[in-house]
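Novice: What follows is input.cif; its format and atoms are mmCIF, C-alpha atoms.
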data_run
#
loop_
_atom_site.label_atom_id
_atom_site.label_comp_id
_atom_site.auth_asym_id
_atom_site.auth_seq_id
_atom_site.Cartn_x
_atom_site.Cartn_y
_atom_site.Cartn_z
CA MET L 1 -20.70 -19.40 5.40
CA ASP L 2 -22.40 -16.01 5.37
CA ALA L 3 -22.91 -14.70 1.82
CA HIS L 4 -21.52 -11.34 2.91
CA ALA L 5 -18.36 -12.71 4.43
CA ILE L 6 -15.10 -14.17 3.23
CA GLN L 7 -12.49 -16.13 5.10
CA PHE L 8 -9.00 -17.15 4.03
CA LYS L 9 -5.60 -17.92 5.47
CA LEU L 10 -2.04 -17.11 4.52
CA GLN L 11 1.27 -18.62 5.46
CA ASN L 12 3.96 -16.38 6.92
CA ARG L 13 5.69 -15.54 3.62
CA LEU L 14 5.35 -12.35 1.60
CA SER L 15 4.44 -14.20 -1.59
CA ASP L 16 1.18 -15.24 0.13
CA LEU L 17 0.01 -11.61 0.03
CA LYS L 18 -1.33 -12.54 -3.41
CA ILE L 19 -3.96 -14.61 -1.59
CA LEU L 20 -5.10 -11.40 0.13
CA SER L 21 -5.42 -9.34 -3.06
CA ARG L 22 -7.12 -12.15 -4.99
CA ASN L 23 -9.72 -12.80 -2.28
CA LEU L 24 -10.34 -9.13 -1.61
CA GLN L 25 -10.81 -8.35 -5.30
CA ALA L 26 -13.40 -11.13 -5.63
CA PHE L 27 -15.18 -10.06 -2.42
CA GLY L 28 -15.24 -6.41 -3.52
CA GLU L 29 -16.77 -7.29 -6.87
CA ARG L 30 -19.37 -9.57 -5.30
CA GLN L 31 -20.41 -6.95 -2.73
CA GLY L 32 -20.27 -4.01 -5.14
CA LEU L 33 -17.58 -2.17 -3.20
CA PRO L 34 -16.00 0.75 -5.07
CA PRO L 35 -12.39 0.24 -6.25
CA LYS L 36 -11.16 3.02 -3.94
CA CYS L 37 -12.59 1.17 -0.97
CA VAL L 38 -11.06 -2.16 -2.02
CA PHE L 39 -7.77 -0.34 -2.50
CA GLU L 40 -7.82 1.12 1.02
CA ILE L 41 -8.67 -2.21 2.62
CA ASN L 42 -5.95 -3.94 0.61
CA PHE L 43 -3.40 -1.29 1.60
CA ALA L 44 -4.23 -1.51 5.31
CA LEU L 45 -4.34 -5.31 5.35
CA GLU L 46 -1.11 -5.64 3.41
CA GLU L 47 0.56 -3.47 6.06
CA ILE L 48 -0.82 -5.56 8.90
CA LEU L 49 0.08 -8.88 7.28
CA THR L 50 3.55 -7.69 6.22
CA ASN L 51 4.24 -6.67 9.83
CA ILE L 52 3.14 -10.06 11.12
CA ILE L 53 5.09 -11.99 8.46
CA SER L 54 8.26 -9.89 8.85
CA TYR L 55 8.39 -9.34 12.61
CA GLY L 56 5.85 -11.64 14.23
CA TYR L 57 7.78 -14.87 14.52
CA CYS L 58 10.92 -15.88 16.34
CA ASP L 59 11.28 -19.26 14.62
CA GLU L 60 11.65 -20.37 11.01
CA GLN L 61 8.52 -22.50 11.09
CA PRO L 62 5.47 -22.05 8.88
CA HIS L 63 2.55 -20.32 10.64
CA TRP L 64 -0.97 -19.62 9.51
CA ILE L 65 -2.56 -16.18 9.65
CA LYS L 66 -6.34 -16.15 9.41
CA VAL L 67 -8.37 -13.31 7.91
CA ARG L 68 -12.14 -12.85 7.94
CA ILE L 69 -13.91 -9.97 6.23
CA ALA L 70 -17.64 -9.45 6.70
CA LEU L 71 -20.01 -6.80 5.43
CA ASP L 72 -23.02 -6.09 7.59
CA GLY L 73 -25.12 -3.30 6.09
CA GLU L 74 -22.72 -0.41 5.86
CA THR L 75 -20.13 -1.75 8.25
CA LEU L 76 -17.19 -3.78 7.16
CA THR L 77 -15.54 -5.83 9.90
CA ILE L 78 -12.12 -7.34 9.37
CA ARG L 79 -10.53 -9.76 11.80
CA VAL L 80 -6.93 -10.92 11.63
CA LYS L 81 -5.70 -13.73 13.89
CA ASP L 82 -2.09 -14.84 14.21
CA ASP L 83 -0.03 -16.85 16.67
CA GLY L 84 2.99 -14.54 16.50
CA ARG L 85 4.52 -12.50 19.31
CA TYR L 86 2.52 -9.80 21.12
CA PHE L 87 2.08 -6.76 18.90
CA ASN L 88 -0.43 -4.00 19.58
CA LEU L 89 -0.26 -1.43 16.81
CA SER L 90 -2.27 1.05 18.88
CA GLU L 91 0.88 1.48 20.97
CA VAL L 92 3.04 2.62 18.03
CA PRO L 93 3.58 6.43 18.04
CA PRO L 94 2.50 8.35 14.93
CA PRO L 95 5.23 9.17 12.35
CA GLU L 96 6.55 12.67 11.72
CA ILE L 97 5.17 13.52 8.27
CA ASN L 98 5.77 17.24 8.26
CA CYS L 99 9.56 17.25 8.31
CA PRO L 100 11.75 17.95 5.23
CA LEU L 101 12.53 15.25 2.68
CA GLU L 102 16.04 14.57 4.03
CA ASP L 103 14.56 13.59 7.39
CA ARG L 104 11.64 11.59 6.10
CA ARG L 105 11.54 7.94 7.04
CA ILE L 106 9.09 5.41 5.82
CA GLY L 107 8.95 3.45 9.07
CA GLY L 108 5.72 3.94 10.96
CA LEU L 109 3.98 5.25 7.88
CA GLY L 110 2.24 1.93 7.32
CA ILE L 111 0.47 2.12 10.68
CA PHE L 112 -0.43 5.74 9.99
CA PHE L 113 -2.24 4.52 6.85
CA ILE L 114 -4.01 1.73 8.72
CA ARG L 115 -5.43 4.34 11.10
CA LYS L 116 -6.36 6.60 8.20
CA PHE L 117 -8.14 3.90 6.19
CA MET L 118 -9.93 2.19 9.08
CA ASP L 119 -12.49 3.75 11.41
CA ARG L 120 -11.89 1.55 14.41
CA ILE L 121 -9.05 -0.72 15.54
CA VAL L 122 -9.34 -3.07 18.50
CA TYR L 123 -6.50 -5.30 19.66
CA GLU L 124 -6.80 -8.32 21.92
CA ARG L 125 -4.34 -10.95 23.06
CA ARG L 126 -6.02 -14.25 23.87
CA GLN L 127 -3.77 -17.07 25.04
CA ASP L 128 -1.01 -17.02 22.42
CA THR L 129 -3.05 -15.35 19.72
CA ASN L 130 -3.15 -11.75 18.46
CA ILE L 131 -6.66 -10.78 17.39
CA LEU L 132 -6.99 -7.53 15.51
CA THR L 133 -10.48 -6.29 14.68
CA LEU L 134 -10.88 -3.41 12.26
CA LYS L 135 -14.04 -1.61 11.25
CA LYS L 136 -14.68 0.54 8.23
CA GLN L 137 -17.87 2.36 7.32
CA ILE L 138 -19.01 1.94 3.74
CA ARG L 139 -21.24 4.76 2.58
CA ARG L 140 -24.08 3.54 0.36
CA SER L 141 -25.68 6.95 -0.11
CA GLY L 142 -24.59 10.57 -0.12
CA PRO L 143 -22.74 12.68 -2.66
CA PRO L 144 -21.05 10.80 -5.54
CA SER L 145 -17.70 12.17 -4.40
CA GLY L 146 -18.09 10.42 -1.01
CA PRO L 147 -14.96 8.72 0.30
CA CYS L 148 -16.08 5.15 0.04
CA GLN L 149 -19.43 4.87 -1.62
CA ALA L 150 -20.71 1.44 -2.63
CA GLN L 151 -21.88 1.12 -6.21
CA ARG L 152 -25.06 -0.77 -5.56
CA GLY L 153 -28.30 0.67 -4.18
CA MET S 1 3.65 -6.10 -12.43
CA GLU S 2 5.07 -5.02 -15.77
CA ILE S 3 7.77 -2.40 -16.04
CA THR S 4 8.62 -0.88 -19.40
CA GLU S 5 11.48 1.50 -19.78
CA ARG S 6 12.38 3.84 -22.61
CA GLN S 7 14.55 6.85 -23.33
CA GLN S 8 13.34 10.08 -24.84
CA ASN S 9 16.19 12.52 -25.41
CA ASP S 10 18.01 12.13 -22.10
CA ILE S 11 14.89 11.39 -20.06
CA SER S 12 14.28 7.87 -18.75
CA ILE S 13 10.59 6.99 -18.74
CA PHE S 14 9.34 4.07 -16.65
CA SER S 15 5.79 2.87 -17.20
CA LEU S 16 4.31 0.64 -14.52
CA SER S 17 1.27 -1.57 -14.85
CA GLY S 18 -0.36 -3.84 -12.28
CA ARG S 19 0.63 -3.83 -8.62
CA LEU S 20 3.64 -2.21 -6.95
CA ASP S 21 3.74 -4.08 -3.63
CA SER S 22 6.14 -5.99 -1.35
CA ASN S 23 6.58 -8.67 -3.99
CA THR S 24 7.21 -6.43 -7.00
CA SER S 25 8.97 -3.41 -5.43
CA PRO S 26 12.45 -4.98 -5.27
CA ASP S 27 12.40 -5.51 -9.04
CA PHE S 28 11.32 -1.92 -9.70
CA GLU S 29 13.95 -0.62 -7.28
CA LYS S 30 16.65 -2.54 -9.13
CA ARG S 31 15.56 -1.25 -12.55
CA LEU S 32 15.40 2.32 -11.28
CA PHE S 33 18.81 2.23 -9.63
CA ASP S 34 20.42 0.43 -12.60
CA VAL S 35 19.39 3.31 -14.86
CA MET S 36 20.60 5.84 -12.30
CA GLY S 37 23.88 3.93 -12.07
CA GLN S 38 24.24 4.30 -15.85
CA GLY S 39 24.20 8.06 -15.37
CA SER S 40 20.54 8.96 -15.93
CA ARG S 41 19.62 12.12 -14.01
CA ARG S 42 16.19 12.86 -15.45
CA MET S 43 13.44 10.35 -14.76
CA VAL S 44 9.70 10.07 -15.10
CA VAL S 45 7.55 7.30 -13.68
CA ASP S 46 4.25 6.87 -15.48
CA PHE S 47 1.61 5.41 -13.13
CA GLY S 48 -1.11 5.36 -15.82
CA SER S 49 -1.69 1.60 -15.71
CA LEU S 50 -0.79 1.06 -12.07
CA ASP S 51 -3.73 -0.31 -10.06
CA TYR S 52 -2.14 -0.65 -6.65
CA ILE S 53 0.73 0.64 -4.56
CA SER S 54 1.69 -0.48 -1.04
CA SER S 55 4.04 1.22 1.41
CA ALA S 56 6.84 -0.96 -0.02
CA GLY S 57 6.25 0.90 -3.30
CA LEU S 58 6.27 4.26 -1.52
CA ARG S 59 9.56 3.31 0.09
CA VAL S 60 11.22 2.78 -3.32
CA ILE S 61 9.89 6.13 -4.58
CA LEU S 62 11.15 7.93 -1.46
CA LYS S 63 14.59 6.35 -1.78
CA ALA S 64 14.85 7.23 -5.47
CA THR S 65 13.74 10.83 -4.79
CA LYS S 66 16.42 11.29 -2.15
CA ASP S 67 19.16 9.74 -4.30
CA ILE S 68 18.31 11.77 -7.41
CA LYS S 69 18.14 15.03 -5.43
CA ARG S 70 21.60 14.27 -4.07
CA VAL S 71 23.06 14.29 -7.60
CA GLU S 72 20.92 17.29 -8.58
CA GLY S 73 18.77 15.30 -10.97
CA VAL S 74 15.05 15.53 -11.60
CA PHE S 75 12.50 12.86 -10.66
CA VAL S 76 8.80 13.27 -11.39
CA LEU S 77 5.69 11.08 -11.33
CA CYS S 78 2.57 11.25 -13.47
CA ALA S 79 -0.86 9.92 -14.46
CA MET S 80 -1.90 8.43 -11.12
CA LYS S 81 -5.34 7.03 -10.44
CA ASP S 82 -7.16 9.19 -7.85
CA TYR S 83 -6.81 6.71 -5.01
CA VAL S 84 -3.10 6.15 -5.72
CA ARG S 85 -2.54 9.90 -5.70
CA GLU S 86 -4.36 10.10 -2.39
CA VAL S 87 -1.81 7.77 -0.82
CA PHE S 88 0.99 10.14 -1.91
CA GLU S 89 -0.93 13.06 -0.45
CA ILE S 90 -1.68 11.32 2.85
CA ALA S 91 2.02 10.43 3.17
CA GLY S 92 2.88 14.07 2.37
CA PHE S 93 5.09 13.02 -0.57
CA ASP S 94 3.35 15.52 -2.86
CA THR S 95 5.06 18.33 -0.93
CA PHE S 96 8.50 17.45 -2.27
CA LEU S 97 7.72 15.29 -5.30
CA PRO S 98 6.15 16.74 -8.47
CA ILE S 99 3.10 14.74 -9.59
CA PHE S 100 1.61 15.58 -12.99
CA THR S 101 -1.75 14.55 -14.37
CA SER S 102 -0.35 13.24 -17.66
CA LEU S 103 2.92 12.01 -19.12
CA GLU S 104 2.79 14.87 -21.61
CA ASP S 105 2.65 17.43 -18.78
CA ALA S 106 5.47 15.68 -16.96
CA LEU S 107 7.75 15.73 -20.02
CA GLN S 108 7.23 19.45 -20.45
CA GLN S 109 8.97 20.05 -17.14
CA PHE S 110 12.36 19.14 -18.55
#
Have the structure of the file written as structure tokens, please.

Specialist:
Amino acid sequence: MDAHAIQFKLQNRLSDLKILSRNLQAFGERQGLPPKCVFEINFALEEILTNIISYGYCDEQPHWIKVRIALDGETLTIRVKDDGRYFNLSEVPPPEINCPLEDRRIGGLGIFFIRKFMDRIVYERRQDTNILTLKKQIRRSGPPSGPCQAQRG
Amino acid sequence: MEITERQQNDISIFSLSGRLDSNTSPDFEKRLFDVMGQGSRRMVVDFGSLDYISSAGLRVILKATKDIKRVEGVFVLCAMKDYVREVFEIAGFDTFLPIFTSLEDALQQF
């Protein structure tokens, strides 16, 4: 296994999201990722996995969802594979976030955040598998106030 | 996640620590709405020790904000870490929900 990569799997139950946060925390510390960056990845991945767990399956059977996160230089690549029903989040329309409080709805906001926190999202359906590949740039240099600056040199 | 709850005059103060996510949000929602059900109309949520919030957490905050406004109460948040605050800003919640830098500042609004 690549020293700059991590791989883990979750079962389709919300309590397994702990596996995500635990693994991501350890990976972030090992790779010197800033807490803000780890937070954004966690937020986006929790959204993706919650969608799969909550809406991806038509049966009551256990299913495995596989996650791989790899850091190559300044590019973080995340891949999520599941055997749930077809779901391409690129097809979901953006939420209305400028309307008054009474009309605000939380639905769709999760995907809005995924787009905000990730630089690139590619969806593929291969046989009966959804494969979602996300990319995020990690800035190692630049001003200290940079959005996602790694702490190591 | 740990939730502590205390009363100061007639203000209910909730302090959260740890992670407010899909697993812990239902518990927080229950605590919040129990207090509201007991008649509390002035509430502060202290995010000082909160490390993480997911959209499930945002959902609870949005619901509470709507319900408290309906009974003409006051609901404010305070002491967020920068990246937690950013989530509220991205979602546009800061346009209708007062967010203060410290608990002290928040309490002065009542």

Novice: Carefully work through the PyMOL selection byres ((chain S) within 9 of (chain L)) for this structure and note down the residues it includes, as a compact mmCIF listing (two decimals) with C-alpha atoms, in the coordinates of the input.

Specialist:
# COMPACT_ATOMS: atom_id res chain seq x y z
CA ASP S 21 3.74 -4.08 -3.63
CA SER S 22 6.14 -5.99 -1.35
CA ASN S 23 6.58 -8.67 -3.99
CA ASP S 51 -3.73 -0.31 -10.06
CA TYR S 52 -2.14 -0.65 -6.65
CA ILE S 53 0.73 0.64 -4.56
CA SER S 54 1.69 -0.48 -1.04
CA SER S 55 4.04 1.22 1.41
CA ALA S 56 6.84 -0.96 -0.02
CA LEU S 58 6.27 4.26 -1.52
CA ARG S 59 9.56 3.31 0.09
CA LEU S 62 11.15 7.93 -1.46
CA THR S 65 13.74 10.83 -4.79
CA LYS S 66 16.42 11.29 -2.15
CA ASP S 82 -7.16 9.19 -7.85
CA TYR S 83 -6.81 6.71 -5.01
CA VAL S 84 -3.10 6.15 -5.72
CA VAL S 87 -1.81 7.77 -0.82
CA ILE S 90 -1.68 11.32 2.85
CA ALA S 91 2.02 10.43 3.17
CA GLY S 92 2.88 14.07 2.37
CA PHE S 93 5.09 13.02 -0.57
CA THR S 95 5.06 18.33 -0.93
CA PHE S 96 8.50 17.45 -2.27

Novice: Just the number, please: distance in Å from atom CA of Asn23 of chain L to atom CA of Leu10 of chain L, one decimal.

Specialist: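 The value is 11.1 Å.
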
Novice: So the first atom is atom CA of Arg19 of chain S and the second is atom CA of Phe110 of chain S; what is the distance between them in Å, to one decimal place?

Specialist: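 Here the two named atoms are 27.6 Å from each other.
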
Novice: Could you tell me which residues the PyMOL selection byres ((chain S and resi 29) around 9) returns for this structure, as a list in words?

Specialist: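 Selected by the PyMOL selection byres ((chain S and resi 29) around 9) here: Thr24, Ser25, Pro26, Asp27, Phe28, Lys30, Arg31, Leu32, Phe33, Asp34, Gly57, Val60, Ile61, Lys63 and Ala64 of chain S.
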
Novice: Could you tell me which of S:Leu50, S:Val44, S:Leu16, S:Ile68 comes closest to Phe100 of chain S if we count all atoms listed in the file?

Specialist: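 Closest to Phe100 of chain S, using all atoms listed in the file: S:Val44.
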
Novice: Excluding Arg6 of chain S and its own-chain neighbours fewer than 3 positions away, which residues fall within 12 Å of it when counting all atoms listed in the file? Please give them as a PyMOL selection string.

Specialist: chain S and resi 3+9-16+31-32+35+40+43-46

Novice: Expanded to explicit residues, what is the PyMOL selection byres ((chain L and resi 82) around 7) for this file, as an MDAnalysis selection string?

Specialist: chainID L and resid 64:66 80:81 83:84 129:131

Novice: Suppose you want the space between atom CA of Ala26 of chain L and atom CA of Val67 of chain L; what is it in Å?

Specialist: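 Atom CA of Ala26 of chain L sits 14.6 Å away from atom CA of Val67 of chain L.
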
Novice: List as a list in words: which residues have an atom within 7 Å of (-1.4, 8.7, -13.1), counting only C-alpha atoms?

Specialist: Asp46, Phe47, Gly48, Cys78, Ala79, Met80, Lys81, Thr101 and Ser102 of chain S

Novice: Of the residues L:Gln7, L:Asn88, L:Gln31, L:Thr75, which is the one nearest to Ile19 of chain L, using only C-alpha atoms?

Specialist: L:Gln7
